[in-house]
>>> print(open('upload_34.pdb').read())   # PDB, N, CA and C atoms
ATOM      1  N   MET A   1      -5.384  26.876  19.582
ATOM      2  CA  MET A   1      -5.647  25.788  18.658
ATOM      3  C   MET A   1      -4.927  26.076  17.340
ATOM      4  N   PRO A   2      -4.231  25.079  16.785
ATOM      5  CA  PRO A   2      -3.499  25.310  15.531
ATOM      6  C   PRO A   2      -4.451  25.519  14.359
ATOM      7  N   LYS A   3      -3.984  26.313  13.424
ATOM      8  CA  LYS A   3      -4.783  26.551  12.222
ATOM      9  C   LYS A   3      -4.754  25.312  11.340
ATOM     10  N   ILE A   4      -5.854  25.071  10.682
ATOM     11  CA  ILE A   4      -5.944  23.947   9.754
ATOM     12  C   ILE A   4      -5.937  24.513   8.339
ATOM     13  N   TYR A   5      -5.021  24.017   7.543
ATOM     14  CA  TYR A   5      -4.915  24.459   6.160
ATOM     15  C   TYR A   5      -5.390  23.341   5.247
ATOM     16  N   PHE A   6      -6.135  23.708   4.243
ATOM     17  CA  PHE A   6      -6.624  22.736   3.277
ATOM     18  C   PHE A   6      -5.975  23.001   1.930
ATOM     19  N   GLN A   7      -5.538  21.950   1.308
ATOM     20  CA  GLN A   7      -4.954  22.042  -0.020
ATOM     21  C   GLN A   7      -6.087  22.020  -1.038
ATOM     22  N   LYS A   8      -6.138  23.024  -1.887
ATOM     23  CA  LYS A   8      -7.167  23.044  -2.925
ATOM     24  C   LYS A   8      -6.853  21.968  -3.952
ATOM     25  N   MET A   9      -7.917  21.410  -4.499
ATOM     26  CA  MET A   9      -7.744  20.299  -5.425
ATOM     27  C   MET A   9      -8.657  20.499  -6.634
ATOM     28  N   THR A  10      -8.114  20.226  -7.793
ATOM     29  CA  THR A  10      -8.918  20.298  -9.007
ATOM     30  C   THR A  10      -9.727  19.013  -9.149
ATOM     31  N   PRO A  11     -10.794  19.058  -9.928
ATOM     32  CA  PRO A  11     -11.545  17.815 -10.168
ATOM     33  C   PRO A  11     -10.667  16.721 -10.777
ATOM     34  N   ASN A  12      -9.745  17.109 -11.646
ATOM     35  CA  ASN A  12      -8.847  16.137 -12.258
ATOM     36  C   ASN A  12      -7.910  15.527 -11.208
ATOM     37  N   GLY A  13      -7.388  16.350 -10.309
ATOM     38  CA  GLY A  13      -6.523  15.851  -9.246
ATOM     39  C   GLY A  13      -7.263  14.902  -8.321
ATOM     40  N   TYR A  14      -8.515  15.232  -8.013
ATOM     41  CA  TYR A  14      -9.340  14.367  -7.169
ATOM     42  C   TYR A  14      -9.561  13.018  -7.842
ATOM     43  N   LYS A  15      -9.818  13.049  -9.145
ATOM     44  CA  LYS A  15     -10.038  11.813  -9.911
ATOM     45  C   LYS A  15      -8.776  10.950  -9.902
ATOM     46  N   GLN A  16      -7.613  11.579 -10.032
ATOM     47  CA  GLN A  16      -6.355  10.829 -10.009
ATOM     48  C   GLN A  16      -6.158  10.126  -8.668
ATOM     49  N   ILE A  17      -6.489  10.812  -7.587
ATOM     50  CA  ILE A  17      -6.359  10.199  -6.262
ATOM     51  C   ILE A  17      -7.345   9.051  -6.109
ATOM     52  N   GLU A  18      -8.583   9.249  -6.556
ATOM     53  CA  GLU A  18      -9.570   8.166  -6.499
ATOM     54  C   GLU A  18      -9.097   6.955  -7.294
ATOM     55  N   ASP A  19      -8.532   7.201  -8.474
ATOM     56  CA  ASP A  19      -8.030   6.110  -9.313
ATOM     57  C   ASP A  19      -6.882   5.368  -8.625
ATOM     58  N   GLU A  20      -5.988   6.118  -7.985
ATOM     59  CA  GLU A  20      -4.866   5.484  -7.293
ATOM     60  C   GLU A  20      -5.361   4.631  -6.126
ATOM     61  N   ILE A  21      -6.335   5.137  -5.379
ATOM     62  CA  ILE A  21      -6.904   4.367  -4.270
ATOM     63  C   ILE A  21      -7.521   3.079  -4.792
ATOM     64  N   GLU A  22      -8.265   3.177  -5.866
ATOM     65  CA  GLU A  22      -8.908   1.987  -6.437
ATOM     66  C   GLU A  22      -7.861   0.972  -6.895
ATOM     67  N   GLN A  23      -6.792   1.447  -7.523
ATOM     68  CA  GLN A  23      -5.729   0.549  -7.985
ATOM     69  C   GLN A  23      -5.034  -0.126  -6.807
ATOM     70  N   LEU A  24      -4.778   0.626  -5.751
ATOM     71  CA  LEU A  24      -4.148   0.048  -4.564
ATOM     72  C   LEU A  24      -5.039  -1.021  -3.939
ATOM     73  N   LYS A  25      -6.335  -0.769  -3.918
ATOM     74  CA  LYS A  25      -7.271  -1.762  -3.372
ATOM     75  C   LYS A  25      -7.286  -3.026  -4.226
ATOM     76  N   LEU A  26      -7.126  -2.863  -5.533
ATOM     77  CA  LEU A  26      -7.081  -4.023  -6.425
ATOM     78  C   LEU A  26      -5.768  -4.794  -6.271
ATOM     79  N   ASP A  27      -4.674  -4.090  -6.002
ATOM     80  CA  ASP A  27      -3.355  -4.718  -5.864
ATOM     81  C   ASP A  27      -3.176  -5.431  -4.526
ATOM     82  N   ARG A  28      -3.927  -5.029  -3.520
ATOM     83  CA  ARG A  28      -3.733  -5.551  -2.161
ATOM     84  C   ARG A  28      -3.856  -7.074  -2.071
ATOM     85  N   PRO A  29      -4.890  -7.709  -2.640
ATOM     86  CA  PRO A  29      -4.973  -9.176  -2.531
ATOM     87  C   PRO A  29      -3.758  -9.898  -3.127
ATOM     88  N   ALA A  30      -3.219  -9.376  -4.223
ATOM     89  CA  ALA A  30      -2.037  -9.998  -4.834
ATOM     90  C   ALA A  30      -0.826  -9.867  -3.908
ATOM     91  N   LYS A  31      -0.682  -8.724  -3.252
ATOM     92  CA  LYS A  31       0.437  -8.526  -2.318
ATOM     93  C   LYS A  31       0.309  -9.464  -1.123
ATOM     94  N   ILE A  32      -0.912  -9.661  -0.645
ATOM     95  CA  ILE A  32      -1.137 -10.581   0.475
ATOM     96  C   ILE A  32      -0.793 -12.006   0.058
ATOM     97  N   LYS A  33      -1.171 -12.381  -1.163
ATOM     98  CA  LYS A  33      -0.861 -13.721  -1.660
ATOM     99  C   LYS A  33       0.652 -13.917  -1.773
ATOM    100  N   GLN A  34       1.367 -12.905  -2.267
ATOM    101  CA  GLN A  34       2.828 -12.988  -2.353
ATOM    102  C   GLN A  34       3.435 -13.196  -0.969
ATOM    103  N   LEU A  35       2.909 -12.483   0.018
ATOM    104  CA  LEU A  35       3.407 -12.619   1.384
ATOM    105  C   LEU A  35       3.164 -14.030   1.908
ATOM    106  N   GLN A  36       1.990 -14.574   1.656
ATOM    107  CA  GLN A  36       1.674 -15.928   2.111
ATOM    108  C   GLN A  36       2.565 -16.963   1.436
ATOM    109  N   GLU A  37       2.805 -16.795   0.138
ATOM    110  CA  GLU A  37       3.667 -17.728  -0.587
ATOM    111  C   GLU A  37       5.103 -17.652  -0.071
ATOM    112  N   ALA A  38       5.581 -16.451   0.197
ATOM    113  CA  ALA A  38       6.943 -16.292   0.707
ATOM    114  C   ALA A  38       7.058 -16.870   2.114
ATOM    115  N   ARG A  39       6.023 -16.717   2.915
ATOM    116  CA  ARG A  39       6.033 -17.269   4.273
ATOM    117  C   ARG A  39       6.111 -18.790   4.230
ATOM    118  N   ALA A  40       5.496 -19.390   3.224
ATOM    119  CA  ALA A  40       5.471 -20.848   3.107
ATOM    120  C   ALA A  40       6.833 -21.428   2.722
ATOM    121  N   LEU A  41       7.760 -20.581   2.284
ATOM    122  CA  LEU A  41       9.075 -21.065   1.858
ATOM    123  C   LEU A  41       9.960 -21.503   3.015
ATOM    124  N   GLY A  42       9.605 -21.139   4.225
ATOM    125  CA  GLY A  42      10.386 -21.630   5.362
ATOM    126  C   GLY A  42      10.886 -20.542   6.279
ATOM    127  N   ASP A  43      12.143 -20.678   6.697
ATOM    128  CA  ASP A  43      12.765 -19.818   7.703
ATOM    129  C   ASP A  43      12.600 -18.339   7.358
ATOM    130  N   LEU A  44      11.856 -17.619   8.181
ATOM    131  CA  LEU A  44      11.559 -16.217   7.899
ATOM    132  C   LEU A  44      12.748 -15.299   8.167
ATOM    133  N   SER A  45      13.655 -15.706   9.030
ATOM    134  CA  SER A  45      14.786 -14.838   9.366
ATOM    135  C   SER A  45      15.764 -14.681   8.204
ATOM    136  N   GLU A  46      15.802 -15.649   7.301
ATOM    137  CA  GLU A  46      16.726 -15.579   6.167
ATOM    138  C   GLU A  46      15.983 -15.571   4.833
ATOM    139  N   ASN A  47      14.721 -15.230   4.869
ATOM    140  CA  ASN A  47      13.893 -15.284   3.677
ATOM    141  C   ASN A  47      13.743 -13.879   3.088
ATOM    142  N   ALA A  48      14.553 -13.579   2.073
ATOM    143  CA  ALA A  48      14.526 -12.255   1.453
ATOM    144  C   ALA A  48      13.198 -11.993   0.755
ATOM    145  N   GLU A  49      12.610 -13.027   0.164
ATOM    146  CA  GLU A  49      11.319 -12.850  -0.508
ATOM    147  C   GLU A  49      10.239 -12.448   0.487
ATOM    148  N   TYR A  50      10.271 -13.051   1.665
ATOM    149  CA  TYR A  50       9.296 -12.712   2.704
ATOM    150  C   TYR A  50       9.476 -11.257   3.144
ATOM    151  N   SER A  51      10.712 -10.858   3.363
ATOM    152  CA  SER A  51      10.989  -9.479   3.783
ATOM    153  C   SER A  51      10.527  -8.480   2.728
ATOM    154  N   ALA A  52      10.785  -8.785   1.463
ATOM    155  CA  ALA A  52      10.379  -7.893   0.377
ATOM    156  C   ALA A  52       8.857  -7.826   0.261
ATOM    157  N   ALA A  53       8.197  -8.963   0.369
ATOM    158  CA  ALA A  53       6.736  -8.991   0.272
ATOM    159  C   ALA A  53       6.106  -8.235   1.434
ATOM    160  N   LYS A  54       6.671  -8.392   2.610
ATOM    161  CA  LYS A  54       6.167  -7.698   3.796
ATOM    162  C   LYS A  54       6.344  -6.185   3.635
ATOM    163  N   ARG A  55       7.511  -5.775   3.139
ATOM    164  CA  ARG A  55       7.787  -4.355   2.914
ATOM    165  C   ARG A  55       6.830  -3.772   1.879
ATOM    166  N   ASP A  56       6.599  -4.511   0.786
ATOM    167  CA  ASP A  56       5.697  -4.041  -0.264
ATOM    168  C   ASP A  56       4.273  -3.868   0.259
ATOM    169  N   LEU A  57       3.815  -4.820   1.051
ATOM    170  CA  LEU A  57       2.464  -4.734   1.606
ATOM    171  C   LEU A  57       2.357  -3.561   2.576
ATOM    172  N   ARG A  58       3.373  -3.362   3.405
ATOM    173  CA  ARG A  58       3.360  -2.216   4.329
ATOM    174  C   ARG A  58       3.329  -0.901   3.566
ATOM    175  N   HIS A  59       4.096  -0.819   2.481
ATOM    176  CA  HIS A  59       4.122   0.399   1.670
ATOM    177  C   HIS A  59       2.744   0.662   1.052
ATOM    178  N   LEU A  60       2.126  -0.376   0.517
ATOM    179  CA  LEU A  60       0.808  -0.236  -0.093
ATOM    180  C   LEU A  60      -0.211   0.242   0.946
ATOM    181  N   GLU A  61      -0.222  -0.379   2.111
ATOM    182  CA  GLU A  61      -1.184   0.001   3.147
ATOM    183  C   GLU A  61      -0.903   1.398   3.687
ATOM    184  N   SER A  62       0.352   1.759   3.757
ATOM    185  CA  SER A  62       0.721   3.104   4.190
ATOM    186  C   SER A  62       0.212   4.147   3.196
ATOM    187  N   ARG A  63       0.364   3.856   1.929
ATOM    188  CA  ARG A  63      -0.103   4.782   0.889
ATOM    189  C   ARG A  63      -1.624   4.921   0.935
ATOM    190  N   LEU A  64      -2.326   3.814   1.153
ATOM    191  CA  LEU A  64      -3.785   3.871   1.274
ATOM    192  C   LEU A  64      -4.198   4.753   2.447
ATOM    193  N   ARG A  65      -3.544   4.595   3.585
ATOM    194  CA  ARG A  65      -3.877   5.424   4.753
ATOM    195  C   ARG A  65      -3.604   6.895   4.466
ATOM    196  N   TYR A  66      -2.516   7.176   3.760
ATOM    197  CA  TYR A  66      -2.158   8.553   3.442
ATOM    198  C   TYR A  66      -3.215   9.212   2.561
ATOM    199  N   LEU A  67      -3.665   8.462   1.557
ATOM    200  CA  LEU A  67      -4.646   9.027   0.628
ATOM    201  C   LEU A  67      -6.006   9.099   1.275
TER     202      LEU A  67
END
>>> encode(input="upload_34.pdb", output="structure tokens")
Amino acid sequence: MPKIYFQKMTPNGYKQIEDEIEQLKLDRPAKIKQLQEARALGDLSENAEYSAAKRDLRHLESRLRYL
């Protein structure tokens, strides 16, 4: 069985991570709204705004899962 290593964390570092998680949760509805607005613009294959909004939302959700 592989060894499990834990990264030690200071109380301040823990607080920073909690704050980042909270901020990401607050930003998520706005990112979803941007995606919906970009989707409403029409053809998704040539819609740069849709692609950017989708990428931003994926990045945000990826960061939340990581933290």
>>> atom_distance(input="upload_34.pdb", atom1="atom C of Gln16 of chain A", atom2="atom N of Arg63 of chain A")
13.9 Å
>>> axis_aligned_box(input="upload_34.pdb", around="segment 50-57 of chain A", padding_each_side="5 Å", output="lines of an AutoDock Vina configuration file")
center_x = 6.7
center_y = -8.3
center_z = 1.8
size_x = 18.6
size_y = 19.5
size_z = 14.1
>>> atom_distance(input="upload_34.pdb", atom1="atom CA of Lys31 of chain A", atom2="atom CA of Tyr14 of chain A")
25.4 Å
>>> select_by_dssp(input="upload_34.pdb", residues="chain A", states="alpha helix (DSSP H)", output="PDB file with N, CA and C atoms, in the frame of the given file")
ATOM      1  N   PRO A  11     -10.794  19.058  -9.928  1.00  0.00           N
ATOM      2  CA  PRO A  11     -11.545  17.815 -10.168  1.00  0.00           C
ATOM      3  C   PRO A  11     -10.667  16.721 -10.777  1.00  0.00           C
ATOM      4  N   ASN A  12      -9.745  17.109 -11.646  1.00  0.00           N
ATOM      5  CA  ASN A  12      -8.847  16.137 -12.258  1.00  0.00           C
ATOM      6  C   ASN A  12      -7.910  15.527 -11.208  1.00  0.00           C
ATOM      7  N   GLY A  13      -7.388  16.350 -10.309  1.00  0.00           N
ATOM      8  CA  GLY A  13      -6.523  15.851  -9.246  1.00  0.00           C
ATOM      9  C   GLY A  13      -7.263  14.902  -8.321  1.00  0.00           C
ATOM     10  N   TYR A  14      -8.515  15.232  -8.013  1.00  0.00           N
ATOM     11  CA  TYR A  14      -9.340  14.367  -7.169  1.00  0.00           C
ATOM     12  C   TYR A  14      -9.561  13.018  -7.842  1.00  0.00           C
ATOM     13  N   LYS A  15      -9.818  13.049  -9.145  1.00  0.00           N
ATOM     14  CA  LYS A  15     -10.038  11.813  -9.911  1.00  0.00           C
ATOM     15  C   LYS A  15      -8.776  10.950  -9.902  1.00  0.00           C
ATOM     16  N   GLN A  16      -7.613  11.579 -10.032  1.00  0.00           N
ATOM     17  CA  GLN A  16      -6.355  10.829 -10.009  1.00  0.00           C
ATOM     18  C   GLN A  16      -6.158  10.126  -8.668  1.00  0.00           C
ATOM     19  N   ILE A  17      -6.489  10.812  -7.587  1.00  0.00           N
ATOM     20  CA  ILE A  17      -6.359  10.199  -6.262  1.00  0.00           C
ATOM     21  C   ILE A  17      -7.345   9.051  -6.109  1.00  0.00           C
ATOM     22  N   GLU A  18      -8.583   9.249  -6.556  1.00  0.00           N
ATOM     23  CA  GLU A  18      -9.570   8.166  -6.499  1.00  0.00           C
ATOM     24  C   GLU A  18      -9.097   6.955  -7.294  1.00  0.00           C
ATOM     25  N   ASP A  19      -8.532   7.201  -8.474  1.00  0.00           N
ATOM     26  CA  ASP A  19      -8.030   6.110  -9.313  1.00  0.00           C
ATOM     27  C   ASP A  19      -6.882   5.368  -8.625  1.00  0.00           C
ATOM     28  N   GLU A  20      -5.988   6.118  -7.985  1.00  0.00           N
ATOM     29  CA  GLU A  20      -4.866   5.484  -7.293  1.00  0.00           C
ATOM     30  C   GLU A  20      -5.361   4.631  -6.126  1.00  0.00           C
ATOM     31  N   ILE A  21      -6.335   5.137  -5.379  1.00  0.00           N
ATOM     32  CA  ILE A  21      -6.904   4.367  -4.270  1.00  0.00           C
ATOM     33  C   ILE A  21      -7.521   3.079  -4.792  1.00  0.00           C
ATOM     34  N   GLU A  22      -8.265   3.177  -5.866  1.00  0.00           N
ATOM     35  CA  GLU A  22      -8.908   1.987  -6.437  1.00  0.00           C
ATOM     36  C   GLU A  22      -7.861   0.972  -6.895  1.00  0.00           C
ATOM     37  N   GLN A  23      -6.792   1.447  -7.523  1.00  0.00           N
ATOM     38  CA  GLN A  23      -5.729   0.549  -7.985  1.00  0.00           C
ATOM     39  C   GLN A  23      -5.034  -0.126  -6.807  1.00  0.00           C
ATOM     40  N   LEU A  24      -4.778   0.626  -5.751  1.00  0.00           N
ATOM     41  CA  LEU A  24      -4.148   0.048  -4.564  1.00  0.00           C
ATOM     42  C   LEU A  24      -5.039  -1.021  -3.939  1.00  0.00           C
ATOM     43  N   LYS A  25      -6.335  -0.769  -3.918  1.00  0.00           N
ATOM     44  CA  LYS A  25      -7.271  -1.762  -3.372  1.00  0.00           C
ATOM     45  C   LYS A  25      -7.286  -3.026  -4.226  1.00  0.00           C
ATOM     46  N   LEU A  26      -7.126  -2.863  -5.533  1.00  0.00           N
ATOM     47  CA  LEU A  26      -7.081  -4.023  -6.425  1.00  0.00           C
ATOM     48  C   LEU A  26      -5.768  -4.794  -6.271  1.00  0.00           C
ATOM     49  N   ASP A  27      -4.674  -4.090  -6.002  1.00  0.00           N
ATOM     50  CA  ASP A  27      -3.355  -4.718  -5.864  1.00  0.00           C
ATOM     51  C   ASP A  27      -3.176  -5.431  -4.526  1.00  0.00           C
ATOM     52  N   ARG A  28      -3.927  -5.029  -3.520  1.00  0.00           N
ATOM     53  CA  ARG A  28      -3.733  -5.551  -2.161  1.00  0.00           C
ATOM     54  C   ARG A  28      -3.856  -7.074  -2.071  1.00  0.00           C
ATOM     55  N   PRO A  29      -4.890  -7.709  -2.640  1.00  0.00           N
ATOM     56  CA  PRO A  29      -4.973  -9.176  -2.531  1.00  0.00           C
ATOM     57  C   PRO A  29      -3.758  -9.898  -3.127  1.00  0.00           C
ATOM     58  N   ALA A  30      -3.219  -9.376  -4.223  1.00  0.00           N
ATOM     59  CA  ALA A  30      -2.037  -9.998  -4.834  1.00  0.00           C
ATOM     60  C   ALA A  30      -0.826  -9.867  -3.908  1.00  0.00           C
ATOM     61  N   LYS A  31      -0.682  -8.724  -3.252  1.00  0.00           N
ATOM     62  CA  LYS A  31       0.437  -8.526  -2.318  1.00  0.00           C
ATOM     63  C   LYS A  31       0.309  -9.464  -1.123  1.00  0.00           C
ATOM     64  N   ILE A  32      -0.912  -9.661  -0.645  1.00  0.00           N
ATOM     65  CA  ILE A  32      -1.137 -10.581   0.475  1.00  0.00           C
ATOM     66  C   ILE A  32      -0.793 -12.006   0.058  1.00  0.00           C
ATOM     67  N   LYS A  33      -1.171 -12.381  -1.163  1.00  0.00           N
ATOM     68  CA  LYS A  33      -0.861 -13.721  -1.660  1.00  0.00           C
ATOM     69  C   LYS A  33       0.652 -13.917  -1.773  1.00  0.00           C
ATOM     70  N   GLN A  34       1.367 -12.905  -2.267  1.00  0.00           N
ATOM     71  CA  GLN A  34       2.828 -12.988  -2.353  1.00  0.00           C
ATOM     72  C   GLN A  34       3.435 -13.196  -0.969  1.00  0.00           C
ATOM     73  N   LEU A  35       2.909 -12.483   0.018  1.00  0.00           N
ATOM     74  CA  LEU A  35       3.407 -12.619   1.384  1.00  0.00           C
ATOM     75  C   LEU A  35       3.164 -14.030   1.908  1.00  0.00           C
ATOM     76  N   GLN A  36       1.990 -14.574   1.656  1.00  0.00           N
ATOM     77  CA  GLN A  36       1.674 -15.928   2.111  1.00  0.00           C
ATOM     78  C   GLN A  36       2.565 -16.963   1.436  1.00  0.00           C
ATOM     79  N   GLU A  37       2.805 -16.795   0.138  1.00  0.00           N
ATOM     80  CA  GLU A  37       3.667 -17.728  -0.587  1.00  0.00           C
ATOM     81  C   GLU A  37       5.103 -17.652  -0.071  1.00  0.00           C
ATOM     82  N   ALA A  38       5.581 -16.451   0.197  1.00  0.00           N
ATOM     83  CA  ALA A  38       6.943 -16.292   0.707  1.00  0.00           C
ATOM     84  C   ALA A  38       7.058 -16.870   2.114  1.00  0.00           C
ATOM     85  N   ARG A  39       6.023 -16.717   2.915  1.00  0.00           N
ATOM     86  CA  ARG A  39       6.033 -17.269   4.273  1.00  0.00           C
ATOM     87  C   ARG A  39       6.111 -18.790   4.230  1.00  0.00           C
ATOM     88  N   ALA A  48      14.553 -13.579   2.073  1.00  0.00           N
ATOM     89  CA  ALA A  48      14.526 -12.255   1.453  1.00  0.00           C
ATOM     90  C   ALA A  48      13.198 -11.993   0.755  1.00  0.00           C
ATOM     91  N   GLU A  49      12.610 -13.027   0.164  1.00  0.00           N
ATOM     92  CA  GLU A  49      11.319 -12.850  -0.508  1.00  0.00           C
ATOM     93  C   GLU A  49      10.239 -12.448   0.487  1.00  0.00           C
ATOM     94  N   TYR A  50      10.271 -13.051   1.665  1.00  0.00           N
ATOM     95  CA  TYR A  50       9.296 -12.712   2.704  1.00  0.00           C
ATOM     96  C   TYR A  50       9.476 -11.257   3.144  1.00  0.00           C
ATOM     97  N   SER A  51      10.712 -10.858   3.363  1.00  0.00           N
ATOM     98  CA  SER A  51      10.989  -9.479   3.783  1.00  0.00           C
ATOM     99  C   SER A  51      10.527  -8.480   2.728  1.00  0.00           C
ATOM    100  N   ALA A  52      10.785  -8.785   1.463  1.00  0.00           N
ATOM    101  CA  ALA A  52      10.379  -7.893   0.377  1.00  0.00           C
ATOM    102  C   ALA A  52       8.857  -7.826   0.261  1.00  0.00           C
ATOM    103  N   ALA A  53       8.197  -8.963   0.369  1.00  0.00           N
ATOM    104  CA  ALA A  53       6.736  -8.991   0.272  1.00  0.00           C
ATOM    105  C   ALA A  53       6.106  -8.235   1.434  1.00  0.00           C
ATOM    106  N   LYS A  54       6.671  -8.392   2.610  1.00  0.00           N
ATOM    107  CA  LYS A  54       6.167  -7.698   3.796  1.00  0.00           C
ATOM    108  C   LYS A  54       6.344  -6.185   3.635  1.00  0.00           C
ATOM    109  N   ARG A  55       7.511  -5.775   3.139  1.00  0.00           N
ATOM    110  CA  ARG A  55       7.787  -4.355   2.914  1.00  0.00           C
ATOM    111  C   ARG A  55       6.830  -3.772   1.879  1.00  0.00           C
ATOM    112  N   ASP A  56       6.599  -4.511   0.786  1.00  0.00           N
ATOM    113  CA  ASP A  56       5.697  -4.041  -0.264  1.00  0.00           C
ATOM    114  C   ASP A  56       4.273  -3.868   0.259  1.00  0.00           C
ATOM    115  N   LEU A  57       3.815  -4.820   1.051  1.00  0.00           N
ATOM    116  CA  LEU A  57       2.464  -4.734   1.606  1.00  0.00           C
ATOM    117  C   LEU A  57       2.357  -3.561   2.576  1.00  0.00           C
ATOM    118  N   ARG A  58       3.373  -3.362   3.405  1.00  0.00           N
ATOM    119  CA  ARG A  58       3.360  -2.216   4.329  1.00  0.00           C
ATOM    120  C   ARG A  58       3.329  -0.901   3.566  1.00  0.00           C
ATOM    121  N   HIS A  59       4.096  -0.819   2.481  1.00  0.00           N
ATOM    122  CA  HIS A  59       4.122   0.399   1.670  1.00  0.00           C
ATOM    123  C   HIS A  59       2.744   0.662   1.052  1.00  0.00           C
ATOM    124  N   LEU A  60       2.126  -0.376   0.517  1.00  0.00           N
ATOM    125  CA  LEU A  60       0.808  -0.236  -0.093  1.00  0.00           C
ATOM    126  C   LEU A  60      -0.211   0.242   0.946  1.00  0.00           C
ATOM    127  N   GLU A  61      -0.222  -0.379   2.111  1.00  0.00           N
ATOM    128  CA  GLU A  61      -1.184   0.001   3.147  1.00  0.00           C
ATOM    129  C   GLU A  61      -0.903   1.398   3.687  1.00  0.00           C
ATOM    130  N   SER A  62       0.352   1.759   3.757  1.00  0.00           N
ATOM    131  CA  SER A  62       0.721   3.104   4.190  1.00  0.00           C
ATOM    132  C   SER A  62       0.212   4.147   3.196  1.00  0.00           C
ATOM    133  N   ARG A  63       0.364   3.856   1.929  1.00  0.00           N
ATOM    134  CA  ARG A  63      -0.103   4.782   0.889  1.00  0.00           C
ATOM    135  C   ARG A  63      -1.624   4.921   0.935  1.00  0.00           C
ATOM    136  N   LEU A  64      -2.326   3.814   1.153  1.00  0.00           N
ATOM    137  CA  LEU A  64      -3.785   3.871   1.274  1.00  0.00           C
ATOM    138  C   LEU A  64      -4.198   4.753   2.447  1.00  0.00           C
ATOM    139  N   ARG A  65      -3.544   4.595   3.585  1.00  0.00           N
ATOM    140  CA  ARG A  65      -3.877   5.424   4.753  1.00  0.00           C
ATOM    141  C   ARG A  65      -3.604   6.895   4.466  1.00  0.00           C
ATOM    142  N   TYR A  66      -2.516   7.176   3.760  1.00  0.00           N
ATOM    143  CA  TYR A  66      -2.158   8.553   3.442  1.00  0.00           C
ATOM    144  C   TYR A  66      -3.215   9.212   2.561  1.00  0.00           C
TER     145      TYR A  66
END
>>> resolve_selection(input="upload_34.pdb", expression="the PyMOL selection byres (((chain A and resi 64 and name CA) around 10) and name CA)", output="mmCIF file with N, CA and C atoms, in the coordinates of the input")
data_model
loop_
_atom_site.group_PDB
_atom_site.id
_atom_site.type_symbol
_atom_site.label_atom_id
_atom_site.label_comp_id
_atom_site.auth_asym_id
_atom_site.auth_seq_id
_atom_site.Cartn_x
_atom_site.Cartn_y
_atom_site.Cartn_z
ATOM 1 N N GLU A 20 -5.988 6.118 -7.985
ATOM 2 C CA GLU A 20 -4.866 5.484 -7.293
ATOM 3 C C GLU A 20 -5.361 4.631 -6.126
ATOM 4 N N ILE A 21 -6.335 5.137 -5.379
ATOM 5 C CA ILE A 21 -6.904 4.367 -4.270
ATOM 6 C C ILE A 21 -7.521 3.079 -4.792
ATOM 7 N N GLU A 22 -8.265 3.177 -5.866
ATOM 8 C CA GLU A 22 -8.908 1.987 -6.437
ATOM 9 C C GLU A 22 -7.861 0.972 -6.895
ATOM 10 N N LEU A 24 -4.778 0.626 -5.751
ATOM 11 C CA LEU A 24 -4.148 0.048 -4.564
ATOM 12 C C LEU A 24 -5.039 -1.021 -3.939
ATOM 13 N N LYS A 25 -6.335 -0.769 -3.918
ATOM 14 C CA LYS A 25 -7.271 -1.762 -3.372
ATOM 15 C C LYS A 25 -7.286 -3.026 -4.226
ATOM 16 N N ARG A 58 3.373 -3.362 3.405
ATOM 17 C CA ARG A 58 3.360 -2.216 4.329
ATOM 18 C C ARG A 58 3.329 -0.901 3.566
ATOM 19 N N HIS A 59 4.096 -0.819 2.481
ATOM 20 C CA HIS A 59 4.122 0.399 1.670
ATOM 21 C C HIS A 59 2.744 0.662 1.052
ATOM 22 N N LEU A 60 2.126 -0.376 0.517
ATOM 23 C CA LEU A 60 0.808 -0.236 -0.093
ATOM 24 C C LEU A 60 -0.211 0.242 0.946
ATOM 25 N N GLU A 61 -0.222 -0.379 2.111
ATOM 26 C CA GLU A 61 -1.184 0.001 3.147
ATOM 27 C C GLU A 61 -0.903 1.398 3.687
ATOM 28 N N SER A 62 0.352 1.759 3.757
ATOM 29 C CA SER A 62 0.721 3.104 4.190
ATOM 30 C C SER A 62 0.212 4.147 3.196
ATOM 31 N N ARG A 63 0.364 3.856 1.929
ATOM 32 C CA ARG A 63 -0.103 4.782 0.889
ATOM 33 C C ARG A 63 -1.624 4.921 0.935
ATOM 34 N N ARG A 65 -3.544 4.595 3.585
ATOM 35 C CA ARG A 65 -3.877 5.424 4.753
ATOM 36 C C ARG A 65 -3.604 6.895 4.466
ATOM 37 N N TYR A 66 -2.516 7.176 3.760
ATOM 38 C CA TYR A 66 -2.158 8.553 3.442
ATOM 39 C C TYR A 66 -3.215 9.212 2.561
ATOM 40 N N LEU A 67 -3.665 8.462 1.557
ATOM 41 C CA LEU A 67 -4.646 9.027 0.628
ATOM 42 C C LEU A 67 -6.006 9.099 1.275
#
>>> atom_distance(input="upload_34.pdb", atom1="atom C of Asp56 of chain A", atom2="atom C of Ala30 of chain A")
8.9 Å
>>> residues_around(input="upload_34.pdb", residues="Ser51 of chain A", least_positions_apart="5", cutoff="8 Å", atoms="only N, CA and C atoms", output="list of chain:residue names")
A:Leu35, A:Ala38, A:Arg39, A:Leu44, A:Ser45, A:Glu46, A:Asp56, A:Leu57
>>> write_last_selection(input="upload_34.pdb", atoms="N, CA and C atoms", output="compact mmCIF listing (two decimals), keeping the file's coordinate frame")
# COMPACT_ATOMS: atom_id res chain seq x y z
N LEU A 35 2.91 -12.48 0.02
CA LEU A 35 3.41 -12.62 1.38
C LEU A 35 3.16 -14.03 1.91
N ALA A 38 5.58 -16.45 0.20
CA ALA A 38 6.94 -16.29 0.71
C ALA A 38 7.06 -16.87 2.11
N ARG A 39 6.02 -16.72 2.92
CA ARG A 39 6.03 -17.27 4.27
C ARG A 39 6.11 -18.79 4.23
N LEU A 44 11.86 -17.62 8.18
CA LEU A 44 11.56 -16.22 7.90
C LEU A 44 12.75 -15.30 8.17
N SER A 45 13.66 -15.71 9.03
CA SER A 45 14.79 -14.84 9.37
C SER A 45 15.76 -14.68 8.20
N GLU A 46 15.80 -15.65 7.30
CA GLU A 46 16.73 -15.58 6.17
C GLU A 46 15.98 -15.57 4.83
N ASP A 56 6.60 -4.51 0.79
CA ASP A 56 5.70 -4.04 -0.26
C ASP A 56 4.27 -3.87 0.26
N LEU A 57 3.82 -4.82 1.05
CA LEU A 57 2.46 -4.73 1.61
C LEU A 57 2.36 -3.56 2.58
